[in-house]
Structures are given as C-alpha cells and as structure tokens.
Amino acid sequence: MSSSASHVHSASRQIRKVAVLGAGTMGSRIAAHIANAGVPVVLLDIVPPGTPAEAPSPDRNKIVLAALDGLKKSKPAAFYSAEAARLLTLGNFDDDLILIADCDWIIEVVAENLDIKRTLLDRVQQHRRPGSILTSNTSGIPIASIAASLSDEAKPHFFGTHFFNPPRYMRLLEIIPTPQTDPADIAAIAHFCDQRLGKAIVHSHDTPNFIANRIGTFSMGNAIRLMMAQGLSIEEVDTLTGAALGWPKTGTFRLGDMVGVDVLAHVATNFAKQAASIDDERQDVTLAPFITKMLESKWLGDKAGQGFYKKAGRDEQGRDLRHVLDWQTLDYQPSTRPKFPAIEMAKNLEQTAPRIAQLLHGDPSRDKAAAFYWPLLTELFTYAANRIPEIADNIVEIDQAMKTGFNWELGPFEMMDAAGVRTTTDKMQAAGATVSANVEKLLAIGENWYKDDPSTPSGRQYFDPVTVAYKPVPVPAGVSSLATIKKARGVVKRNPGASVVDLGNGVAAIELHSKMNALGDDIVNLITQTLKPASQQVADFEAFVITGDSANFSVGANLMQLLLGIQEEEWDEVELAVRAFQNMTQAIKFCPRPVVVAPYGMCLGGGVEISLHAAARQPHAELYMGLVEAGVGLIPGGGGCKEMVLRSIEAGSSIRPDARGEGVEIFESIKKNFETIAKATVSTSAAEARGLGFLRPSDGITMNRERLLTDASTKARALADAGYTAPTPRTDIPAPGESVLATLKLAVWTMREGQYISDHDAKVANWVAYALAGGKVTPGTLVSEQYLLDLEREAFLSLCGEKKTQERIAFTLKTGKPLRN
C-alpha cells in the first residue's frame with residue numbers, strides 16, 4: 001500500500017473493536033474503560049505456567065478470568081455499569097491471538113520489559129490485519145526501541161499510547177509517535193480517545209519517561225531530597241506538597257503508596273539512567289536509600305498493606321487510622337497532622353494562584369514552609385522550562401500533562417505565572433541560582449508564559465521559546481468553557497451564586513458558581529427570574545443550559561441556610577424558602593424555551609431536582625447523582641418525589657396503558673424509586689444514574705468533560721430548532737394511593753423490626769412513601785402536580801421540626817458525612 005493510500009485509509013477509519021494484550025492492573029482497566037464507551041474488547045493474557053495443553057479453557061484463561069473478577073469488584077469502580085463487562089471477550093495468547101484479526105486497534109500492555117514486548121509483538125504480526133493500528137502502553141521504554149523489530153508494513157501503524165492508572169479516572173493519554181508513524185493513525189486514535197474515552201490528549205516526544213512522569217518524577221524526587229536535607233517528616237512533606245499548592249491532597253507519599261513504591265522506583269530508575277547525559281538534569285534526584293530498604297522489605301504501598309504509611313485499624317467513626325514511616329529509623333509511628341502557620345494563613349486565599357505566590361515568597365529564614373517551597377518550586381520551574389523542545393513541542397503540552405496526569409490544578413508554567421515570573425527570576429539571580437535560557441527569552445519580550453486573548457478560541461496565547469513569539473493556545477473543535485466565553489462575551493446578569501452567560505447561537509447558560517454550588521437564595525432567585533415566561537432572557541434567547549465550570553454540579557440545597565432558619569424557629573421563612581425552591585424547579589420545567597441541564601461530578605439532592613425538571617439532560621459520564629436528603633433526615637422537597645412518581649406512572653403505563661396508577665408494573669417502579677430515595681442511593685456513573693431513573697434513555701452522555709458545555713448547547717439548540725413546546729402542568733395524575741402506601745410502610749416496619757434501620761430512618765422512609773403514593777387517597781384518584789408538591793413540602797417541613805433531623809444536618813455540615821441516629 002502506498003503511503004498516500006495508507007493515509008486515506010487511516011483518516012476515514014473508525015475504531016469499532018479493540019484488543020488489549022495483557023490483563024494486569026493497567027491492561028484490564030484500559031479494557032474496562034473501552035467497554036464503558038460501548039466498544040467491544042478482546043482481552044488476552046498468558047496461559048498460567050505449567051498448564052497442560054489439553055486443559056479446559058477456564059484453566060488456560062485463569063489469569064484473564066481473575067482479572068475480570070477483579071474489575072467487577074474494584075473500588076473505585078472500573079466499569080460504569082455491570083452491563084459493560086459483557087463487551088469483553090476473554091482469552092489467552094496461545095489459543096486466541098487469532099481474535100485480534102478483526103480489531104481496528106491493538107494495545108500491548110504487558111510487563112515493562114523490552115524483550116517481553118518485542119516477543120509478543122512478533123507473534124501479533126502473524127495475526128493482525130494489515131493497516132490495523134498497533135500501540136504499546138509503556139511508562140518509559142523508548143517507543144523506537146519497541147518498534148525496531150516490527151515489519152515494514154507495521155511500522156507506520158505503530159506508536160506509543162501511555163495511559164495513566166486508573167484509566168477510567170485519570171484523563172491523560174500521552175501519544176508518542178516514531179518517525180515512521182502515519183499521522184492519520186495518530187489522528188484516528190486521538191479522536192477516538194478524546195470523544196469516546198474522555199481523554200486529554202498530549203503529544204510527547206520519545207524521550208525517557210515522556211512528559212508527565214518526567215516532570216512528576218523530578219518533582220517527587222526533589223521533594224524527597226529536600227525532606228532528607230531539611231530533616232522533615234513524611235507527613236510534613238505530604239502536607240506541604242498537597243492541596244496548598246493545588247496538588248492532590250494525597251501529597252507525595254500517599255500518592256506513592258497508591259501508585260506503588262515499586263512503580264515509583266521503576267520510574268525513578270529510568271529517570272536516573274538518563275540524568276547523567278543531560279547537563280541540567282538533577283543527578284542527586286535518585287532513589288533514596290530508605291526507599292531501597294522498603295523495596296527489599298516488600299513495603300510496596302497500598303497493595304502490600306504498608307509502604308510510607310500502614311493501616312492501623314479504624315477509629316470510632318469508622319475512619320481508617322494510619323501509622324506513618326519514620327524514614328530515618330524505618331519504624332512506624334502514629335499519624336499526626338502537621339501544622340504550618342504559612343499554610344494556615346494561605347487557606348484564607350480561595351484561589352490557588354495567589355496562594356502559590358504567598359507560599360513561595362515567604363521568608364525562608366523564619367518560615368519552615370518557605371524554606372521548603374523556594375527550592376522545590378524554583379527548581380521545578382527551571383527544570384520544566386529546560387524541557388522545551390526536548391520532551392514536547394510547547395509548554396501547553398507540559399501543563400496539560402501535569403494537570404490531567406498528576407491532577408495538579410495548575411501546570412508548572414501556570415504556577416510560574418502565578419508566582420510572578422520576573423519577581424521570582426530576580427530573586428533567583430540575586431541568590432546565584434541558575435535561570436533557564438527559555439525564561440530569559442520570555443522576559444525579553446513579555447512578563448508571563450500565558451496571556452489573555454479573547455479573540456482566540458481558547459481565550460489565551462502562550463509563549464513559544466523556540467520561535468520566541470506568542471501563539472494561540474490550541475483547542476480542539478467542540479472544547480469550550482464558560483470562563484473562556486465570559487472573557488469574550490461578558491455576562492448578561494449575575495449574583496454571587498449564579499450568572500447568565502450568552503453562549504451564542506441563541507443559547508444562554510445559567511452558570512452555578514457558589515461554594516460547592518450549594519443552592520441558596522441567590523441561585524434559586526436567578527434561575528426563577530431568568531426562566532419565567534415574562535423574563536427578558538426568555539425574550540432574548542431561544543434555549544438555555546444549566547451547568548458550570550467547577551468540579552461538581554451541585555451538592556444540593558444550602559443546609560447552613562436551612563439549619564439557621566430552623567434553629568431560629570423561623571418556620572414561615574423556612575416554608576417560603578421551600579416554596580421558592582419548588583417555584584424554581586417548576587420554572588425550569590414549564591419555561592417556554594427548552595432547558596437542558598448538564599450535570600457532572602457530584603449532583604446531589606436539589607441538584608438532582610434541577611436535572612429532573614429539565615426538558616433534557618446532557619450529563620458527563622462521571623456523575624455521582626442521588627436524592628440524598630434522607631441522609632440528613634429529610635425527603636426531597638423541591639419536586640424530586642413528584643418527578644419520580646411521574647416516571648413510575650409513565651413506566652407502568654407504557655406496559656399497561658389502562659393502569660391508572662395501579663397494577664404491579666407501577667408498584668414495582670414506585671418501590672424501586674422508594675428504595676433509591678429512602679436509601680439515599682448515589683450513582684457511580686451517568687450510566688448508573690440512568691438505571692436509577694434520574695436520566696431518561698434519550699439523554700445523551702458526554703465522555704469528555706471539556707466537551708460538556710458544547711454538547712449541552714448543541715442539544716438545547718436542536719430542541720429549539722425542532723419547535724419545542726413546553727409541557728403544561730398536569731392535573732390528571734392517577735395517584736398510586738393507600739394500597740401502595742400501606743405496602744411500602746409494611747416494608748419499612750419489617751426493616752425496623754429487623755433492626756436494619758433506626759426509628760428516625762423509619763420516620764423519614766414513611767414520609768417518602770407518603771409522598772410517592774400521593775398521600776392517603778383512593779388508588780387512581782386524579783391529582784395535580786401542585787398537589788404532589790404540597791405533599792412534599794408538608795413532609796419536608798414536618799421533618800425539619802424533628803430534633804434528630806436537626807442533629808443530622810448539623811453533623812453533616814461539620815463532618816461532611818451522614819449521621820445514623
């Protein structure tokens with residue numbers, strides 16, 4: 001096949017079936033996540049050593065069967081839903097390699113050993129279809145070395161794809177081509193992994209440890225070096241390298257335990273091998289002697305039960321207790337929480353960028369934290385700046401890799417901007433520290449690595465030290481954020497909790513931006529005023545989206561506001577607040593323009609009620625959705641029970657059109673929804689939320705979080721173009737009534753008698769039953785939506801007056817956990 005023919009073939013290709021070769025922790029989870037995308041996967045591994053050739057297939061597939069069993073039990077969950085496991089076809093390399101012949105993409109994920117990888121790929125070439133894409137998942141072996149033994153036909157279709165563990169949750173995918181790789185094949189996999197797997201695609205050069213592990217290992221190794229030099233403890237370093245910097249709260253060593261001390265050591269050894277060949281590489285950032293002793297003792301982290309930390313039972317609240325390693329004596333000591341005055345002060349700054357500046361520019365002679373941060377961050381800045389163009393074409397790839405591979409809030413170049421490039425550089429030079437030549441190039445023409453430019457799709461430009469010029473930050477079509485759009489278009493109206501943003505094309509977004517997007521008066525008022533028929537926005541726009549840029553859609557109603565009202569016994573005010581919340585959800589449902597809700601992350605309580613009332617939903621795949629009010633001794637009071645009743649009646653009536661609120665079909669659906677609400681069940685994915693009835697089958701699911709806003713806006717626009725007509729409030733709902741209520745209350749009584757629930761759990765559950773049954777009415781009695789809302793409000797207010805509910809709310813506000821009382 002000619003190169004031009006190959007290019008055309010690859011460019012038009014779809015990835016319809018994938019093979020994953022290697023069913024270890026990484027391979028099995030890559031396979032699971034591809035199945036999450038609805039794509040069939042062949043998962044193969046070796047036949048267990050010593051298994052006779054004539055042994056039955058379960059014996060020969062023991063390794064891969066054990067991997068599947070592990071996937072089904074894994075926490076956090078590897079599958080979006082149990083159904084996804086059906087897309088996996090299991091086998092072994094000896095009997096089933098022929099199955100790869102009809103796969104469009106074959107991923108090798110065996111041990112990090114060049115000989116093992118090459119041997120398997122030699123066998124793969126005997127079975128793969130010419131033109132099929134072949135990639136290797138490796139965290140550091142040079143891709144060119146793996147490719148060297150491939151045939152001339154295979155080489156253009158081969159490159160590296162470095163997933164991060166766990167693949168479902170870690171967004172980064174590093175793509176590493178060889179000089180022979182067909183760009184069209186890279187484009188095909190990048191497109192598939194972006195849109196179907198939700199990955200952030202970063203293009204890396206074929207250098208040791210690629211991008212994220214190269215920078216991350218330097219940073220972790222430097223933290224360990226500084227700990228030893230400054231006599232700090234493991235816990236102190238974890239505190240210093242955690243949330244204060246916008247890095248994961250695990251810090252350096254808890255992350256090491258989660259990843260595996262042996263994996264950490266492997267990557268660090270790779271790092272050390274190439275350090276000597278590069279002038280500015282820190283050669284003293286090598287494997288610490290105490291880590292070598294840990295490896296000898298098999299203290300490999302969480303998988304071994306001990307590493308830098310060791311579990312030491314549970315406390316009275318059921319929380320894990322840990323002991324921490326004293327790296328100097330290799331003894332474990334009870335864990336404590338180190339306090340640094342600088343970090344306590346920095347907590348007053350909500351935004352990470354000003355926090356970094358404050359922490360970095362403290363006085364190292366007086367402040368233990370500043371003495372650690374100054375070398376840690378300035379050496380990171382220099383190291384990262386010197387990696388362009390060695391490991392990547394531009395700074396954007398490095399920042400993206402660290403944000404999506406190590407969960408840093410800001411990449412190293414963004415952190416440098418936050419610290420102040422010129423201020424930091426001046427201090428470094430005054431202290432005699434080496435400054436990167438690339439930083440000097442930047443300061444010759446500008447002040448920051450990034451600068452705002454609303455005229456570009458991304459809203460930003462970045463400094464390129466290769467061309468010594470600023471360039472637009474590249475952004476794939478369909479990727480957008482409210483922050484970028486607001487810079488270009490401004491805000492239509494706003495209050496402290498929410499804003500209305502013009503997305504263009506006749507669509508407006510209602511952005512939630514309170515703390516944790518808790519739903520207080522400000523959000524309730526803005527949504528209601530914006531969506532009511534007589535509003536200016538309904539006149540100006542043809543469709544709406546409710547969403548946000550934050551980590552979580554909404555944790556539900558503002559419990560602090562509610563508790564204060566209850567404690568002051570301002571019952572009229574509390575009732576007015578519940579009515580206002582109900583008015584908001586009704587404004588969403590009956591708005592003359594279509595409203596699409598795009599939930600993501602945590603979507604709890606009132607956040608679910610907002611979603612249930614929309615014309616349609618476009619959730620992100622990672623959605624933790626649940627009506628959790630029972631956990632704080634309440635029931636949904638904003639129309640959540642009403643909407644779940646309507647869904648139950650719809651489900652039953654679709655099977656028996658004459659059901660009129662009665663019949664086994666409706667009862668089974670009501671019972672399922674009753675259990676979901678009474679148990680405060682939360683989905684572990686959007687797919688599971690659909691199974692719980694929070695999403696409809698027609699609601700789409702977006703895999704890539706960065707595409708959620710565009711997908712929701714497109715759906716809202718399509719509903720408007722289709723001639724959307726708002727529903728009218730129903731007055732003909734056949735209530736399930738007393739017979740269903742009696743059956744549900746019997747189930748509650750049985751649970752209480754068996755001591756599975758407390759008295760207060762039973763009281764809450766009986767109110768849920770009351771709301772879902774439509775009260776004490778004859779089955780089939782026609783009621784209105786307003787009647788069902790009134791029942792909810794009655795139940796909600798009654799429970800607000802209960803002392804045990806008030807105790808639950810207070811406990812949750814204090815600890816973030818539910819109280820069983």
# chains A, B, ... in the order shown; residues from 1 in each chain; ligands from 1
>>> select_by_dssp(residues="range 336-529 of chain A", states="alpha helix (DSSP H)", output="ChimeraX atom specification")
/A:341-346,352-360,368-385,395-405,412-419,421-430,437-445,482-489,521-529
>>> residues_around(residues="Asp761 in chain A", least_positions_apart="3", cutoff="12 Å", atoms="only C-alpha atoms", output="MDAnalysis selection string")
chainID A and resid 629:635 677:680 748:749 751:752 755:758 764:768 799 802 804:805 808 818:821
>>> residues_around(residues="range 392-408 of chain A", least_positions_apart="4", cutoff="6 Å", atoms="only C-alpha atoms", output="PDB file with N, CA and C atoms, in the first residue's frame")
ATOM      1  N   ARG A 171      -7.357  11.343  33.316  1.00  0.00           N
ATOM      2  CA  ARG A 171      -7.741  11.783  31.977  1.00  0.00           C
ATOM      3  C   ARG A 171      -6.608  11.763  30.971  1.00  0.00           C
ATOM      4  N   LEU A 172      -5.366  11.774  31.429  1.00  0.00           N
ATOM      5  CA  LEU A 172      -4.257  11.941  30.494  1.00  0.00           C
ATOM      6  C   LEU A 172      -4.010  10.709  29.618  1.00  0.00           C
ATOM      7  N   VAL A 202      -2.207  14.420  24.901  1.00  0.00           N
ATOM      8  CA  VAL A 202      -0.966  15.185  24.927  1.00  0.00           C
ATOM      9  C   VAL A 202       0.036  14.473  24.030  1.00  0.00           C
ATOM     10  N   SER A 204       3.693  13.659  23.015  1.00  0.00           N
ATOM     11  CA  SER A 204       5.005  13.647  23.660  1.00  0.00           C
ATOM     12  C   SER A 204       6.080  13.237  22.672  1.00  0.00           C
ATOM     13  N   HIS A 205       7.297  13.710  22.915  1.00  0.00           N
ATOM     14  CA  HIS A 205       8.442  13.197  22.169  1.00  0.00           C
ATOM     15  C   HIS A 205       8.916  11.899  22.810  1.00  0.00           C
ATOM     16  N   ALA A 212       4.647  13.596  31.587  1.00  0.00           N
ATOM     17  CA  ALA A 212       4.133  13.703  32.958  1.00  0.00           C
ATOM     18  C   ALA A 212       5.051  13.012  33.958  1.00  0.00           C
ATOM     19  N   GLY A 246      -2.409  23.326  45.216  1.00  0.00           N
ATOM     20  CA  GLY A 246      -3.318  22.907  44.150  1.00  0.00           C
ATOM     21  C   GLY A 246      -2.948  21.543  43.617  1.00  0.00           C
ATOM     22  N   TRP A 247      -2.180  20.784  44.392  1.00  0.00           N
ATOM     23  CA  TRP A 247      -1.835  19.394  44.045  1.00  0.00           C
ATOM     24  C   TRP A 247      -2.761  18.466  44.813  1.00  0.00           C
TER      25      TRP A 247
END
>>> closest_atom_pairs(of="range 666-724 of chain A", to="range 737-747 of chain A", cutoff="9 Å", atoms="only C-alpha atoms", output="JSON lines")
{"residue": "A:Phe667", "atom": "CA", "partner": "A:Val740", "partner_atom": "CA", "distance": 6.8}
{"residue": "A:Ile670", "atom": "CA", "partner": "A:Val740", "partner_atom": "CA", "distance": 8.4}
{"residue": "A:Lys671", "atom": "CA", "partner": "A:Leu744", "partner_atom": "CA", "distance": 7.3}
{"residue": "A:Phe674", "atom": "CA", "partner": "A:Leu744", "partner_atom": "CA", "distance": 8.1}
>>> write_last_selection(atoms="N, CA, C and O atoms", output="CSV table (one decimal), in the first residue's frame")
chain,number,residue,atom,x,y,z
A,667,PHE,N,-46.4,-0.4,40.7
A,667,PHE,CA,-45.9,-0.6,42.0
A,667,PHE,C,-44.4,-1.0,42.0
A,667,PHE,O,-43.7,-0.4,42.9
A,670,ILE,N,-42.6,2.2,41.5
A,670,ILE,CA,-42.6,3.1,42.7
A,670,ILE,C,-41.7,2.5,43.8
A,670,ILE,O,-41.0,3.2,44.5
A,671,LYS,N,-41.8,1.2,44.0
A,671,LYS,CA,-40.9,0.5,45.0
A,671,LYS,C,-39.5,0.8,44.8
A,671,LYS,O,-38.7,1.1,45.7
A,674,PHE,N,-38.8,4.3,45.6
A,674,PHE,CA,-38.8,4.5,47.1
A,674,PHE,C,-37.5,4.0,47.7
A,674,PHE,O,-36.9,4.7,48.6
>>> closest_atom_pairs(of="range 144-200 of chain A", to="range 103-115 of chain A", cutoff="12 Å", atoms="only C-alpha atoms", output="Markdown table")
| residue | atom | partner | partner_atom | distance |
| --- | --- | --- | --- | --- |
| A:Ala144 | CA | A:Leu114 | CA | 10.9 |
| A:Ser145 | CA | A:Leu114 | CA | 7.7 |
| A:Ile146 | CA | A:Leu114 | CA | 6.6 |
| A:Ala147 | CA | A:Leu114 | CA | 10.3 |
| A:Ala148 | CA | A:Leu114 | CA | 10.8 |
| A:Ser149 | CA | A:Asp115 | CA | 10.4 |
| A:Ala154 | CA | A:Ile106 | CA | 11.7 |
| A:His157 | CA | A:Trp105 | CA | 9.7 |
| A:Phe158 | CA | A:Ile106 | CA | 9.6 |
| A:Phe159 | CA | A:Ile107 | CA | 9.9 |
| A:Gly160 | CA | A:Ile107 | CA | 9.1 |
| A:Thr161 | CA | A:Ile107 | CA | 8.1 |
| A:His162 | CA | A:Val109 | CA | 9.6 |
| A:Phe163 | CA | A:Val109 | CA | 9.9 |
| A:Asp185 | CA | A:Trp105 | CA | 9.9 |
| A:Ile186 | CA | A:Trp105 | CA | 11.3 |
| A:Ala188 | CA | A:Trp105 | CA | 10.0 |
| A:Ile189 | CA | A:Trp105 | CA | 8.4 |
| A:Phe192 | CA | A:Trp105 | CA | 10.6 |
| A:Cys193 | CA | A:Trp105 | CA | 11.5 |
>>> residues_around(residues="Ala190 in chain A", least_positions_apart="4", cutoff="10 Å", atoms="only C-alpha atoms", output="list of chain:residue names")
A:Thr161, A:Leu173, A:Glu174, A:Ile175, A:Ala184, A:Asp185, A:Ile186, A:Asp194, A:Gln195, A:Arg196, A:Leu197, A:Lys199, A:Ala200, A:Ile201, A:Val202, A:His203
>>> write_last_selection(atoms="N, CA, C and O atoms", output="PDB file, in the first residue's frame")
ATOM      1  N   THR A 161       1.023   4.682  23.319  1.00  0.00           N
ATOM      2  CA  THR A 161      -0.144   5.289  23.969  1.00  0.00           C
ATOM      3  C   THR A 161       0.004   5.036  25.463  1.00  0.00           C
ATOM      4  O   THR A 161      -0.198   3.915  25.921  1.00  0.00           O
ATOM      5  N   LEU A 173      -3.808  10.967  28.336  1.00  0.00           N
ATOM      6  CA  LEU A 173      -3.252   9.964  27.420  1.00  0.00           C
ATOM      7  C   LEU A 173      -2.106  10.617  26.667  1.00  0.00           C
ATOM      8  O   LEU A 173      -2.316  11.567  25.907  1.00  0.00           O
ATOM      9  N   GLU A 174      -0.902  10.113  26.889  1.00  0.00           N
ATOM     10  CA  GLU A 174       0.257  10.597  26.143  1.00  0.00           C
ATOM     11  C   GLU A 174       0.395   9.759  24.874  1.00  0.00           C
ATOM     12  O   GLU A 174       0.411   8.523  24.936  1.00  0.00           O
ATOM     13  N   ILE A 175       0.474  10.423  23.744  1.00  0.00           N
ATOM     14  CA  ILE A 175       0.685   9.750  22.463  1.00  0.00           C
ATOM     15  C   ILE A 175       2.114  10.034  22.019  1.00  0.00           C
ATOM     16  O   ILE A 175       2.532  11.193  21.950  1.00  0.00           O
ATOM     17  N   ALA A 184      -2.094  10.072  10.235  1.00  0.00           N
ATOM     18  CA  ALA A 184      -3.535   9.796  10.184  1.00  0.00           C
ATOM     19  C   ALA A 184      -3.932   8.766  11.236  1.00  0.00           C
ATOM     20  O   ALA A 184      -5.043   8.813  11.776  1.00  0.00           O
ATOM     21  N   ASP A 185      -3.034   7.817  11.520  1.00  0.00           N
ATOM     22  CA  ASP A 185      -3.324   6.829  12.558  1.00  0.00           C
ATOM     23  C   ASP A 185      -3.347   7.497  13.931  1.00  0.00           C
ATOM     24  O   ASP A 185      -4.201   7.184  14.776  1.00  0.00           O
ATOM     25  N   ILE A 186      -2.415   8.409  14.149  1.00  0.00           N
ATOM     26  CA  ILE A 186      -2.416   9.157  15.410  1.00  0.00           C
ATOM     27  C   ILE A 186      -3.715   9.949  15.529  1.00  0.00           C
ATOM     28  O   ILE A 186      -4.348   9.970  16.586  1.00  0.00           O
ATOM     29  N   ASP A 194     -10.283  10.951  22.705  1.00  0.00           N
ATOM     30  CA  ASP A 194     -10.850  12.222  23.150  1.00  0.00           C
ATOM     31  C   ASP A 194     -12.365  12.091  23.293  1.00  0.00           C
ATOM     32  O   ASP A 194     -12.924  12.275  24.379  1.00  0.00           O
ATOM     33  N   GLN A 195     -13.043  11.718  22.217  1.00  0.00           N
ATOM     34  CA  GLN A 195     -14.500  11.765  22.206  1.00  0.00           C
ATOM     35  C   GLN A 195     -15.160  10.550  22.849  1.00  0.00           C
ATOM     36  O   GLN A 195     -16.207  10.683  23.490  1.00  0.00           O
ATOM     37  N   ARG A 196     -14.560   9.384  22.718  1.00  0.00           N
ATOM     38  CA  ARG A 196     -15.200   8.163  23.250  1.00  0.00           C
ATOM     39  C   ARG A 196     -14.677   7.763  24.624  1.00  0.00           C
ATOM     40  O   ARG A 196     -15.420   7.184  25.421  1.00  0.00           O
ATOM     41  N   LEU A 197     -13.422   8.049  24.917  1.00  0.00           N
ATOM     42  CA  LEU A 197     -12.857   7.671  26.212  1.00  0.00           C
ATOM     43  C   LEU A 197     -12.696   8.871  27.152  1.00  0.00           C
ATOM     44  O   LEU A 197     -12.324   8.701  28.316  1.00  0.00           O
ATOM     45  N   LYS A 199     -10.511  11.350  27.033  1.00  0.00           N
ATOM     46  CA  LYS A 199      -9.114  11.605  27.372  1.00  0.00           C
ATOM     47  C   LYS A 199      -8.650  13.003  26.961  1.00  0.00           C
ATOM     48  O   LYS A 199      -9.092  13.553  25.951  1.00  0.00           O
ATOM     49  N   ALA A 200      -7.716  13.538  27.763  1.00  0.00           N
ATOM     50  CA  ALA A 200      -6.972  14.730  27.368  1.00  0.00           C
ATOM     51  C   ALA A 200      -5.738  14.233  26.622  1.00  0.00           C
ATOM     52  O   ALA A 200      -4.913  13.515  27.188  1.00  0.00           O
ATOM     53  N   ILE A 201      -5.640  14.568  25.357  1.00  0.00           N
ATOM     54  CA  ILE A 201      -4.560  14.047  24.509  1.00  0.00           C
ATOM     55  C   ILE A 201      -3.365  14.990  24.570  1.00  0.00           C
ATOM     56  O   ILE A 201      -3.491  16.188  24.324  1.00  0.00           O
ATOM     57  N   VAL A 202      -2.207  14.420  24.901  1.00  0.00           N
ATOM     58  CA  VAL A 202      -0.966  15.185  24.927  1.00  0.00           C
ATOM     59  C   VAL A 202       0.036  14.473  24.030  1.00  0.00           C
ATOM     60  O   VAL A 202       0.204  13.252  24.119  1.00  0.00           O
ATOM     61  N   HIS A 203       0.680  15.220  23.150  1.00  0.00           N
ATOM     62  CA  HIS A 203       1.646  14.639  22.216  1.00  0.00           C
ATOM     63  C   HIS A 203       3.050  14.803  22.787  1.00  0.00           C
ATOM     64  O   HIS A 203       3.522  15.909  23.023  1.00  0.00           O
TER      65      HIS A 203
END
>>> residues_around(residues="range 323-339 of chain A", least_positions_apart="4", cutoff="10 Å", atoms="only C-alpha atoms", output="PyMOL selection string")
chain A and resi 227-228+231-240+253-254+288-291+293-294+306-313+343-344+369
>>> closest_residue(among="A:Gly420, A:Gly478, A:Pro156, A:Gly260", to="Asn448 in chain A", atoms="only C-alpha atoms")
A:Gly420
>>> decode(residues="range 182-206 of chain A", atoms="N, CA, C and O atoms", output="CSV table (one decimal), in the first residue's frame")
chain,number,residue,atom,x,y,z
A,182,ASP,N,2.3,7.0,10.8
A,182,ASP,CA,1.4,7.7,9.9
A,182,ASP,C,0.6,8.7,10.8
A,182,ASP,O,-0.1,8.3,11.7
A,183,PRO,N,0.7,10.0,10.5
A,183,PRO,CA,-0.1,11.0,11.3
A,183,PRO,C,-1.6,10.7,11.3
A,183,PRO,O,-2.3,11.0,12.3
A,184,ALA,N,-2.1,10.1,10.2
A,184,ALA,CA,-3.5,9.8,10.2
A,184,ALA,C,-3.9,8.8,11.2
A,184,ALA,O,-5.0,8.8,11.8
A,185,ASP,N,-3.0,7.8,11.5
A,185,ASP,CA,-3.3,6.8,12.6
A,185,ASP,C,-3.3,7.5,13.9
A,185,ASP,O,-4.2,7.2,14.8
A,186,ILE,N,-2.4,8.4,14.1
A,186,ILE,CA,-2.4,9.2,15.4
A,186,ILE,C,-3.7,9.9,15.5
A,186,ILE,O,-4.3,10.0,16.6
A,187,ALA,N,-4.1,10.6,14.4
A,187,ALA,CA,-5.4,11.4,14.5
A,187,ALA,C,-6.6,10.5,14.8
A,187,ALA,O,-7.5,10.9,15.5
A,188,ALA,N,-6.6,9.3,14.2
A,188,ALA,CA,-7.7,8.4,14.5
A,188,ALA,C,-7.8,8.0,15.9
A,188,ALA,O,-8.9,8.0,16.5
A,189,ILE,N,-6.7,7.7,16.5
A,189,ILE,CA,-6.7,7.3,18.0
A,189,ILE,C,-7.0,8.5,18.9
A,189,ILE,O,-7.7,8.4,19.8
A,190,ALA,N,-6.4,9.6,18.5
A,190,ALA,CA,-6.6,10.8,19.3
A,190,ALA,C,-8.1,11.2,19.3
A,190,ALA,O,-8.6,11.5,20.4
A,191,HIS,N,-8.7,11.1,18.2
A,191,HIS,CA,-10.1,11.4,18.0
A,191,HIS,C,-11.0,10.5,18.9
A,191,HIS,O,-11.9,10.9,19.6
A,192,PHE,N,-10.7,9.2,18.7
A,192,PHE,CA,-11.4,8.1,19.5
A,192,PHE,C,-11.3,8.3,21.0
A,192,PHE,O,-12.2,8.3,21.8
A,193,CYS,N,-10.0,8.5,21.4
A,193,CYS,CA,-9.8,8.6,22.9
A,193,CYS,C,-10.3,9.9,23.5
A,193,CYS,O,-10.7,9.9,24.6
A,194,ASP,N,-10.3,11.0,22.7
A,194,ASP,CA,-10.8,12.2,23.1
A,194,ASP,C,-12.4,12.1,23.3
A,194,ASP,O,-12.9,12.3,24.4
A,195,GLN,N,-13.0,11.7,22.2
A,195,GLN,CA,-14.5,11.8,22.2
A,195,GLN,C,-15.2,10.6,22.8
A,195,GLN,O,-16.2,10.7,23.5
A,196,ARG,N,-14.6,9.4,22.7
A,196,ARG,CA,-15.2,8.2,23.3
A,196,ARG,C,-14.7,7.8,24.6
A,196,ARG,O,-15.4,7.2,25.4
A,197,LEU,N,-13.4,8.0,24.9
A,197,LEU,CA,-12.9,7.7,26.2
A,197,LEU,C,-12.7,8.9,27.2
A,197,LEU,O,-12.3,8.7,28.3
A,198,GLY,N,-12.9,10.1,26.6
A,198,GLY,CA,-12.9,11.3,27.5
A,198,GLY,C,-11.5,11.7,27.9
A,198,GLY,O,-11.3,12.3,28.9
A,199,LYS,N,-10.5,11.4,27.0
A,199,LYS,CA,-9.1,11.6,27.4
A,199,LYS,C,-8.6,13.0,27.0
A,199,LYS,O,-9.1,13.6,26.0
A,200,ALA,N,-7.7,13.5,27.8
A,200,ALA,CA,-7.0,14.7,27.4
A,200,ALA,C,-5.7,14.2,26.6
A,200,ALA,O,-4.9,13.5,27.2
A,201,ILE,N,-5.6,14.6,25.4
A,201,ILE,CA,-4.6,14.0,24.5
A,201,ILE,C,-3.4,15.0,24.6
A,201,ILE,O,-3.5,16.2,24.3
A,202,VAL,N,-2.2,14.4,24.9
A,202,VAL,CA,-1.0,15.2,24.9
A,202,VAL,C,0.0,14.5,24.0
A,202,VAL,O,0.2,13.3,24.1
A,203,HIS,N,0.7,15.2,23.2
A,203,HIS,CA,1.6,14.6,22.2
A,203,HIS,C,3.0,14.8,22.8
A,203,HIS,O,3.5,15.9,23.0
A,204,SER,N,3.7,13.7,23.0
A,204,SER,CA,5.0,13.6,23.7
A,204,SER,C,6.1,13.2,22.7
A,204,SER,O,5.8,12.5,21.7
A,205,HIS,N,7.3,13.7,22.9
A,205,HIS,CA,8.4,13.2,22.2
A,205,HIS,C,8.9,11.9,22.8
A,205,HIS,O,8.6,11.6,24.0
A,206,ASP,N,9.6,11.1,22.0
A,206,ASP,CA,10.1,9.8,22.5
A,206,ASP,C,11.3,9.9,23.4
A,206,ASP,O,12.4,9.5,23.0
